[in-house]
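A.B. asks: Got target-v6.txt for you, compact mmCIF, C-alpha atoms:
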# COMPACT_ATOMS: atom_id res chain seq x y z
CA MET H 1 -28.87 -7.73 -70.76
CA ASN H 2 -29.42 -10.59 -68.31
CA ILE H 3 -25.70 -10.76 -67.61
CA ILE H 4 -25.55 -7.05 -66.74
CA VAL H 5 -28.58 -7.40 -64.47
CA THR H 6 -27.06 -10.40 -62.68
CA LEU H 7 -23.75 -8.61 -62.23
CA LEU H 8 -25.49 -5.55 -60.80
CA LEU H 9 -27.58 -7.70 -58.43
CA ILE H 10 -24.49 -9.54 -57.18
CA CYS H 11 -22.73 -6.20 -56.72
CA GLY H 12 -25.67 -4.82 -54.74
CA LEU H 13 -25.88 -7.91 -52.55
CA LEU H 14 -22.15 -7.60 -51.89
CA PHE H 15 -22.75 -4.08 -50.60
CA PHE H 16 -25.59 -5.33 -48.41
CA THR H 17 -23.40 -8.10 -47.00
CA GLY H 18 -20.67 -5.60 -46.25
CA GLY H 19 -23.18 -3.38 -44.49
CA ALA H 20 -24.52 -6.24 -42.37
CA VAL H 21 -21.03 -7.41 -41.41
CA GLY H 22 -20.04 -3.83 -40.64
CA ILE H 23 -22.98 -3.25 -38.33
CA ILE H 24 -22.02 -6.30 -36.31
CA ARG H 25 -18.25 -5.91 -36.36
CA PHE H 26 -17.61 -2.22 -35.82
CA PRO H 27 -16.85 -1.20 -32.25
CA ASP H 28 -19.21 1.65 -31.39
CA PHE H 29 -22.37 3.59 -32.24
CA TYR H 30 -20.91 6.07 -34.70
CA SER H 31 -18.81 3.64 -36.70
CA ARG H 32 -21.70 1.19 -36.84
CA LEU H 33 -23.94 3.81 -38.38
CA HIS H 34 -21.36 4.35 -41.11
CA PRO H 35 -22.02 1.02 -42.91
CA ALA H 36 -25.72 1.25 -42.04
CA GLY H 37 -26.04 4.60 -43.78
CA LYS H 38 -23.68 4.19 -46.69
CA LEU H 39 -23.61 0.57 -47.78
CA ASP H 40 -27.35 0.03 -47.50
CA THR H 41 -28.01 3.07 -49.66
CA ALA H 42 -25.46 1.99 -52.25
CA GLY H 43 -26.71 -1.60 -52.24
CA LEU H 44 -30.33 -0.56 -52.60
CA THR H 45 -29.59 1.90 -55.39
CA ILE H 46 -27.66 -0.70 -57.38
CA THR H 47 -30.25 -3.44 -56.77
CA MET H 48 -33.11 -1.17 -57.79
CA GLY H 49 -31.18 -0.15 -60.89
CA ALA H 50 -30.78 -3.80 -61.80
CA ILE H 51 -34.50 -4.45 -61.32
CA ALA H 52 -35.39 -1.40 -63.42
CA LEU H 53 -33.08 -2.64 -66.20
CA TYR H 54 -34.65 -6.08 -66.01
CA THR H 55 -38.14 -4.57 -66.30
CA ILE H 56 -37.46 -2.63 -69.48
CA SER H 57 -35.49 -5.34 -71.27
CA PRO H 58 -38.37 -6.08 -73.68
CA PHE H 59 -39.03 -2.37 -74.19
CA SER H 60 -42.54 -0.92 -73.98
CA ILE H 61 -44.15 2.21 -72.55
CA GLU H 62 -45.78 0.33 -69.64
CA ALA H 63 -42.48 -1.26 -68.71
CA LEU H 64 -40.83 2.15 -68.85
CA ILE H 65 -43.39 3.56 -66.40
CA ILE H 66 -42.83 0.65 -63.99
CA ALA H 67 -39.08 1.16 -64.28
CA LEU H 68 -39.49 4.85 -63.51
CA LYS H 69 -41.46 3.98 -60.37
CA ILE H 70 -38.68 1.62 -59.27
CA ILE H 71 -36.11 4.34 -59.89
CA LEU H 72 -38.24 6.70 -57.78
CA ILE H 73 -37.93 4.27 -54.86
CA ALA H 74 -34.16 4.38 -55.25
CA VAL H 75 -34.19 8.20 -55.41
CA PHE H 76 -36.25 8.51 -52.22
CA VAL H 77 -34.06 6.07 -50.31
CA PHE H 78 -31.01 7.91 -51.65
CA ILE H 79 -32.36 11.13 -50.14
CA THR H 80 -33.86 9.88 -46.88
CA SER H 81 -31.48 7.20 -45.67
CA PRO H 82 -28.39 9.45 -45.31
CA THR H 83 -30.59 12.12 -43.70
CA ALA H 84 -31.86 9.62 -41.15
CA THR H 85 -28.30 8.55 -40.37
CA HIS H 86 -27.30 12.19 -40.04
CA ALA H 87 -30.16 12.83 -37.60
CA ILE H 88 -29.32 9.76 -35.50
CA ILE H 89 -25.65 10.70 -35.25
CA ASP H 90 -26.60 14.28 -34.42
CA ALA H 91 -28.77 13.01 -31.59
CA GLY H 92 -25.90 10.82 -30.37
CA VAL H 93 -23.48 13.73 -30.31
CA ARG H 94 -25.98 15.93 -28.52
CA ALA H 95 -26.67 13.24 -25.93
CA GLY H 96 -22.96 13.28 -25.16
CA LEU H 97 -21.82 9.91 -26.42
CA LYS H 98 -18.03 9.87 -26.86
CA PRO H 99 -16.55 8.30 -29.99
CA TRP H 100 -14.64 5.07 -29.50
CA ARG H 101 -10.81 5.24 -29.27
CA LYS H 102 -8.38 2.41 -29.75
CA GLU H 103 -6.25 3.51 -26.79
CA PRO H 104 -7.97 4.37 -23.54
CA GLU H 105 -7.59 8.11 -23.08
CA ALA H 106 -4.85 9.07 -20.67
CA ASP H 107 -5.97 12.60 -19.86
CA GLU H 108 -9.35 11.62 -18.41
CA MET E 1 -46.33 -16.81 -4.91
CA LYS E 2 -44.13 -17.61 -7.86
CA ALA E 3 -45.22 -21.25 -7.84
CA ILE E 4 -48.87 -20.21 -7.97
CA GLY E 5 -48.09 -18.03 -10.98
CA VAL E 6 -46.32 -20.86 -12.79
CA ILE E 7 -49.18 -23.25 -12.07
CA LEU E 8 -51.76 -20.70 -13.21
CA VAL E 9 -49.93 -19.90 -16.43
CA GLY E 10 -49.37 -23.59 -17.16
CA PHE E 11 -53.01 -24.41 -16.49
CA LEU E 12 -54.39 -21.57 -18.62
CA GLY E 13 -51.91 -22.25 -21.42
CA GLY E 14 -52.83 -25.93 -21.41
CA LEU E 15 -56.52 -25.02 -21.47
CA LEU E 16 -55.96 -22.72 -24.47
CA ILE E 17 -54.00 -25.35 -26.35
CA TYR E 18 -56.68 -27.95 -25.54
CA CYS E 19 -59.43 -25.62 -26.76
CA SER E 20 -57.55 -24.78 -29.94
CA MET E 21 -57.95 -28.43 -30.98
CA ASP E 22 -61.62 -27.69 -31.57
CA PHE E 23 -60.78 -25.20 -34.31
CA PRO E 24 -61.70 -26.27 -37.84
CA PRO E 25 -58.68 -27.33 -39.91
CA TRP E 26 -56.83 -24.53 -41.64
CA GLY E 27 -58.45 -23.63 -44.95
CA ASP E 28 -61.48 -25.88 -44.36
CA PRO E 29 -64.19 -24.75 -46.83
CA HIS E 30 -66.94 -25.92 -44.45
CA SER E 31 -65.71 -24.01 -41.41
CA PRO E 32 -68.16 -21.41 -40.02
CA ALA E 33 -65.83 -18.55 -40.97
CA SER E 34 -65.97 -19.37 -44.67
CA SER E 35 -69.46 -20.79 -45.10
CA HIS E 36 -71.98 -18.04 -44.30
CA VAL E 37 -71.40 -14.57 -45.73
CA SER E 38 -67.84 -14.84 -47.07
CA PRO E 39 -68.80 -16.71 -50.28
CA TYR E 40 -71.47 -14.08 -50.93
CA TYR E 41 -68.93 -11.26 -50.60
CA ILE E 42 -66.41 -13.02 -52.80
CA GLU E 43 -68.92 -13.83 -55.54
CA HIS E 44 -71.02 -10.68 -55.60
CA THR E 45 -68.67 -7.80 -54.74
CA LEU E 46 -67.91 -6.81 -58.31
CA GLU E 47 -71.49 -6.97 -59.58
CA ASP E 48 -72.94 -5.29 -56.45
CA THR E 49 -70.50 -2.43 -56.00
CA SER E 50 -68.13 -2.44 -59.00
CA VAL E 51 -65.19 -2.37 -56.57
CA PRO E 52 -62.43 -4.87 -57.43
CA ASN E 53 -60.98 -4.87 -53.91
CA ILE E 54 -63.21 -7.09 -51.76
CA VAL E 55 -61.72 -5.83 -48.50
CA THR E 56 -62.67 -2.24 -49.28
CA SER E 57 -66.23 -3.09 -50.25
CA VAL E 58 -66.74 -5.24 -47.13
CA LEU E 59 -65.21 -2.53 -44.94
CA ALA E 60 -67.06 0.48 -46.25
CA ASP E 61 -70.19 -0.92 -47.87
CA TYR E 62 -71.39 -4.28 -46.54
CA ARG E 63 -70.19 -3.46 -43.06
CA GLY E 64 -70.24 0.32 -43.30
CA TYR E 65 -72.02 0.67 -39.98
CA ASP E 66 -69.18 -1.08 -38.18
CA THR E 67 -66.57 1.11 -39.86
CA MET E 68 -68.52 4.26 -39.00
CA PHE E 69 -68.24 3.48 -35.32
CA GLU E 70 -64.57 2.59 -35.72
CA THR E 71 -64.14 6.13 -36.97
CA VAL E 72 -66.12 7.37 -34.00
CA VAL E 73 -63.78 5.42 -31.70
CA ILE E 74 -60.78 7.20 -33.24
CA PHE E 75 -62.57 10.54 -32.93
CA THR E 76 -63.29 9.78 -29.27
CA ALA E 77 -59.62 8.95 -28.70
CA GLY E 78 -58.64 12.37 -30.03
CA ILE E 79 -61.25 14.20 -27.95
CA ALA E 80 -60.29 12.25 -24.82
CA CYS E 81 -56.65 13.14 -25.41
CA ILE E 82 -57.55 16.83 -25.57
CA PHE E 83 -59.65 16.63 -22.41
CA LEU E 84 -57.08 14.69 -20.42
CA LEU E 85 -53.87 16.40 -21.45
CA ARG E 86 -54.57 19.89 -22.69
CA VAL E 87 -53.34 22.62 -20.31
CA PHE E 88 -55.05 25.84 -21.28
CA LYS E 89 -53.44 28.15 -18.72
CA ALA E 90 -49.81 27.26 -19.32
CA VAL E 91 -47.24 29.33 -17.44
CA GLU E 92 -44.91 31.05 -19.89
CA PRO E 93 -41.24 30.66 -19.01
CA GLU E 94 -39.52 33.88 -17.98
CA THR E 95 -36.45 33.27 -20.10
CA ARG E 96 -36.99 32.81 -23.79
CA LEU E 97 -34.69 31.90 -26.65
CA TYR E 98 -34.88 33.58 -30.03
CA ARG E 99 -33.00 32.99 -33.23
CA HIS E 100 -31.99 35.93 -35.36
CA LEU E 101 -32.73 34.42 -38.75
CA PRO E 102 -30.38 36.41 -41.06
CA THR E 103 -27.31 35.64 -38.95
CA GLY E 104 -28.33 32.43 -37.18
CA ILE E 105 -27.38 33.85 -33.77
CA THR E 106 -29.28 32.57 -30.75
CA LEU E 107 -30.47 35.24 -28.32
CA ARG E 108 -31.30 34.47 -24.72
CA ILE E 109 -33.63 37.06 -23.25
CA ALA E 110 -33.92 36.90 -19.48
CA GLN E 111 -36.68 38.12 -17.22
CA GLY E 112 -37.59 41.76 -17.72
CA GLY E 113 -36.13 41.96 -21.20
CA LYS E 114 -38.19 43.05 -24.15
CA PHE E 115 -39.18 40.10 -26.32
CA PRO E 116 -38.89 40.72 -30.07
CA ASP E 117 -41.95 40.16 -32.24
CA ASP E 118 -42.25 36.94 -34.17
CA SER E 119 -41.30 38.26 -37.57
CA ASP E 120 -39.09 37.19 -40.43
CA GLN E 121 -36.15 38.56 -38.44
CA PHE E 122 -36.62 36.73 -35.15
CA LYS E 123 -38.03 33.29 -34.50
CA ARG E 124 -38.73 31.89 -31.07
CA ILE E 125 -37.05 28.53 -30.45
CA ASP E 126 -37.42 25.83 -27.84
CA SER E 127 -35.72 26.25 -24.47
CA ASP E 128 -34.35 22.73 -24.92
CA TRP E 129 -32.07 24.29 -27.46
CA VAL E 130 -31.85 22.50 -30.80
CA PRO E 131 -29.35 23.61 -33.44
CA HIS E 132 -30.61 24.85 -36.74
CA ASP E 133 -30.31 21.64 -38.77
CA ILE E 134 -30.50 22.68 -42.39
CA ILE E 135 -29.95 19.18 -43.80
CA LEU E 136 -32.92 17.74 -41.96
CA GLN E 137 -35.17 20.66 -42.77
CA THR E 138 -34.32 20.71 -46.46
CA THR E 139 -34.90 16.98 -46.79
CA CYS E 140 -38.25 17.24 -45.03
CA ARG E 141 -39.22 20.15 -47.24
CA MET E 142 -38.50 17.97 -50.27
CA ILE E 143 -40.08 14.74 -49.00
CA ILE E 144 -43.27 15.97 -47.31
CA PRO E 145 -45.16 16.90 -50.52
CA PHE E 146 -44.50 13.45 -51.93
CA ILE E 147 -45.67 11.81 -48.71
CA GLN E 148 -48.87 13.80 -48.85
CA ILE E 149 -49.52 12.98 -52.49
CA PHE E 150 -48.92 9.33 -51.70
CA ALA E 151 -51.38 9.57 -48.82
CA LEU E 152 -54.07 10.99 -51.10
CA TYR E 153 -53.29 8.24 -53.60
CA VAL E 154 -53.71 5.57 -50.91
CA ILE E 155 -57.07 7.06 -49.90
CA ALA E 156 -58.37 7.36 -53.45
CA HIS E 157 -56.94 4.10 -54.75
CA GLY E 158 -58.41 1.93 -51.99
CA HIS E 159 -60.91 0.58 -54.52
CA HIS E 160 -58.25 -1.16 -56.56
CA SER E 161 -55.32 -1.85 -54.28
CA PRO E 162 -54.63 -2.23 -50.57
CA GLY E 163 -55.35 1.07 -48.92
CA GLY E 164 -58.21 3.27 -47.86
CA GLY E 165 -59.11 5.99 -45.46
CA PHE E 166 -57.40 4.66 -42.36
CA GLN E 167 -54.06 3.97 -44.01
CA GLY E 168 -54.02 7.15 -46.08
CA GLY E 169 -55.03 9.25 -43.11
CA VAL E 170 -52.23 7.82 -41.01
CA ILE E 171 -49.69 8.56 -43.77
CA PHE E 172 -50.97 12.13 -44.11
CA GLY E 173 -50.85 12.65 -40.34
CA ALA E 174 -47.33 11.24 -40.27
CA SER E 175 -46.21 13.83 -42.81
CA ILE E 176 -47.41 16.63 -40.52
CA ILE E 177 -45.77 14.98 -37.51
CA LEU E 178 -42.54 14.74 -39.52
CA PHE E 179 -42.78 18.47 -40.17
CA ALA E 180 -43.29 19.12 -36.45
CA ILE E 181 -40.24 17.02 -35.57
CA ALA E 182 -37.93 18.44 -38.23
CA PHE E 183 -38.87 22.06 -37.57
CA ASP E 184 -40.54 22.65 -34.24
CA LEU E 185 -43.95 22.38 -32.69
CA ARG E 186 -44.65 26.11 -32.90
CA SER E 187 -44.23 26.29 -36.68
CA ALA E 188 -46.37 23.17 -37.09
CA ILE E 189 -49.13 24.65 -34.96
CA LYS E 190 -48.86 27.90 -36.89
CA ARG E 191 -49.53 26.03 -40.12
CA MET E 192 -52.12 23.63 -38.80
CA GLY E 193 -53.69 25.03 -35.69
CA GLU E 194 -55.50 23.38 -32.88
CA ARG E 195 -58.90 24.64 -33.97
CA LEU E 196 -58.39 23.34 -37.48
CA THR E 197 -57.38 19.86 -36.34
CA ALA E 198 -60.25 19.60 -33.89
CA PHE E 199 -62.62 20.79 -36.60
CA LEU E 200 -61.28 18.24 -39.10
CA CYS E 201 -61.70 15.40 -36.56
CA ALA E 202 -65.37 16.19 -36.26
CA LEU E 203 -65.77 16.93 -39.97
CA GLY E 204 -64.50 13.47 -40.94
CA VAL E 205 -67.06 11.71 -38.77
CA LEU E 206 -69.72 14.15 -39.96
CA ILE E 207 -68.98 13.34 -43.62
CA TYR E 208 -69.35 9.63 -42.89
CA ALA E 209 -72.58 9.98 -40.98
CA GLY E 210 -73.84 12.65 -43.39
CA VAL E 211 -73.45 10.35 -46.40
CA GLY E 212 -75.45 7.74 -44.50
CA LEU E 213 -78.10 10.29 -43.62
CA VAL E 214 -78.45 11.47 -47.23
CA CYS E 215 -79.03 7.86 -48.24
CA MET E 216 -81.74 7.64 -45.60
CA LEU E 217 -83.40 10.87 -46.79
CA TYR E 218 -83.62 9.35 -50.27
CA GLY E 219 -85.65 6.47 -48.90
CA ASN E 220 -82.97 3.77 -48.62
CA ASN E 221 -81.38 2.26 -45.56
CA PHE E 222 -78.73 4.13 -43.60
CA LEU E 223 -75.42 3.94 -45.54
CA ASP E 224 -77.00 2.25 -48.57
CA TYR E 225 -75.06 4.25 -51.12
CA SER E 226 -77.14 3.19 -54.13
CA ALA E 227 -79.51 6.00 -53.15
CA LEU E 228 -76.82 8.48 -54.24
CA ALA E 229 -77.37 7.50 -57.89
CA ASP E 230 -79.79 10.38 -58.50
CA ILE E 231 -77.50 13.03 -57.02
CA LEU E 232 -74.37 11.84 -58.77
CA GLY E 233 -76.04 11.05 -62.05
CA VAL E 234 -74.66 7.52 -62.35
CA ASP E 235 -76.21 4.08 -62.18
CA ARG E 236 -76.93 2.49 -58.82
CA ILE E 237 -73.94 0.14 -58.84
CA SER E 238 -71.27 2.74 -59.47
CA ALA E 239 -73.06 5.00 -56.99
CA ARG E 240 -72.08 2.46 -54.33
CA SER E 241 -68.49 2.69 -55.49
CA HIS E 242 -68.58 6.51 -55.29
CA GLY E 243 -70.25 6.35 -51.89
CA ILE E 244 -67.36 4.23 -50.64
CA LEU E 245 -64.93 6.88 -51.86
CA MET E 246 -66.80 9.67 -50.01
CA VAL E 247 -66.82 7.67 -46.82
CA GLU E 248 -63.13 6.91 -47.20
CA ILE E 249 -62.39 10.63 -47.50
CA GLY E 250 -64.26 11.21 -44.24
CA VAL E 251 -62.32 8.44 -42.52
CA GLY E 252 -59.06 9.82 -43.88
CA LEU E 253 -59.77 13.33 -42.57
CA ALA E 254 -60.73 12.07 -39.13
CA VAL E 255 -57.72 9.77 -38.79
CA MET E 256 -55.29 12.42 -40.03
CA ALA E 257 -56.60 15.06 -37.63
CA VAL E 258 -56.63 12.68 -34.67
CA MET E 259 -53.02 11.65 -35.36
CA VAL E 260 -51.98 15.31 -35.33
CA VAL E 261 -53.99 16.07 -32.17
CA LEU E 262 -52.44 13.11 -30.38
CA TYR E 263 -48.95 14.19 -31.37
CA TYR E 264 -49.42 17.83 -30.38
CA ASN E 265 -50.77 16.91 -26.95
CA LEU E 266 -48.46 14.02 -26.13
CA ALA E 267 -45.27 15.69 -27.36
CA SER E 268 -45.78 18.89 -25.38
CA ALA E 269 -47.64 17.41 -22.37
CA GLY E 270 -50.71 19.40 -23.39
CA LYS E 271 -49.01 22.80 -23.33
CA HIS E 272 -48.62 23.17 -27.10
CA ASP E 273 -45.40 25.13 -26.75
CA GLU E 274 -42.34 22.94 -27.14
CA GLY E 275 -42.28 19.61 -28.83
CA LEU E 276 -39.75 16.85 -28.99
How does this structure look as structure tokens?
C.D. replies:
Amino acid sequence: MNIIVTLLLICGLLFFTGGAVGIIRFPDFYSRLHPAGKLDTAGLTITMGAIALYTISPFSIEALIIALKIILIAVFVFITSPTATHAIIDAGVRAGLKPWRKEPEADE
Amino acid sequence: MKAIGVILVGFLGGLLIYCSMDFPPWGDPHSPASSHVSPYYIEHTLEDTSVPNIVTSVLADYRGYDTMFETVVIFTAGIACIFLLRVFKAVEPETRLYRHLPTGITLRIAQGGKFPDDSDQFKRIDSDWVPHDIILQTTCRMIIPFIQIFALYVIAHGHHSPGGGFQGGVIFGASIILFAIAFDLRSAIKRMGERLTAFLCALGVLIYAGVGLVCMLYGNNFLDYSALADILGVDRISARSHGILMVEIGVGLAVMAVMVVLYYNLASAGKHDEGL
């Protein structure tokens, strides 16, 4: 059980690292929000899953309830974090921010 | 001028640093802060009030008078916001936007046109036109009940864990503000009107002061909750615990209503028509 938990934690931290690197390295607003919305959600879900597994490893009813609460955190972040990203990007589009292009546009 | 500023800042900063040397060492058991009433609170909280959380019992029982006027300060902030910002005779714009709900079409009705009634067919929308964002609205619809339950939990569970009326009230108010942002200000005001929020502001403070007054009528000091033992049918120690809960509910109501009042007035510049 401990090995599975460790593997899941490492996997989640890898996602978090990717998200952090992506936020710094991507060129503009929209592409930066992509790792912020996706990788953080994935990393948090996996990490919370690992913690929930760790909690119930000597099984009891109390541990199960704590694990369910931890899973609830993951569920709420899974719902709200993409919605927040969606709202931010929507606001960016409505404010008129142009997406980044590799080539400067010729027709403007 | 700049040199004077630098000298002044340097002088005052140096003075502050010099004065801070007179502070007692960190964690000193003989310092004034931890030698007068703090040991009493730490040792007697559980046997006096049967509340495990010392912070809550100090906040609402030992220093209940202080907390009552903190609530009054918040109430005053809400009232002052209404007086300063509220525009009662707002000029209605001549062009209005409506959304035809079954089709999702936006109608722009200019001056002289006949405005449709606010029914389940037509819904008036802000002139700063915002698209119908179904993702945001569905998520808020799902999340808001949980936020509100959590807020009630924070208010009621302040005896055992960090929390209490102020924190729970802020969370509850935030859920209503979230509704007003995700939908629009008109639907929020339709659900929780101005009269209701103003009434709840005052009701929260009234509950707090009323609990104190009931204690006084039963012959104890103001806000000495052990007098409630006869009404509640419990012993005097758990009566103090229940009294704290009642007071926390009052604080929660007042804080929640003031949050909502502040948002309504600040977001629409007092006109209560179009929010953010």
A.B. asks: Write out as a count of residues only every residue belonging to chain H that has an atom at most 9 Å from any atom of chain E, counting all atoms listed in the file.
C.D. replies: 7
A.B. asks: Could you jot down the CA of Gly37 in chain H to CA of Val154 in chain E separation for me, Å, one decimal place?
C.D. replies: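 For CA of Gly37 in chain H relative to CA of Val154 in chain E, the distance reads 28.6 Å.
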A.B. asks: Please work out which residues fall within 10 Å of (-35.1, 2.2, -64.8), coordinates as given in the file, with all atoms listed in the file counting, and return them as JSON, numbers by chain.
C.D. replies: {"H": [48, 49, 50, 51, 52, 53, 54, 55, 56, 57, 63, 64, 65, 66, 67, 68, 69, 70, 71, 72, 74]}
A.B. asks: Under the rule that all atoms listed in the file are counted, which of H:Leu8, H:Arg32, H:Met1, H:Thr17 is the nearest residue to Pro99 in chain H?
C.D. replies: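 Distance minimum relative to Pro99 in chain H lands on H:Arg32.
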A.B. asks: Report, in Å to a single decimal, how far apart CA of Thr67 in chain E and CA of Tyr208 in chain E are.
C.D. replies: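 Between these atoms lies a distance of 9.5 Å.
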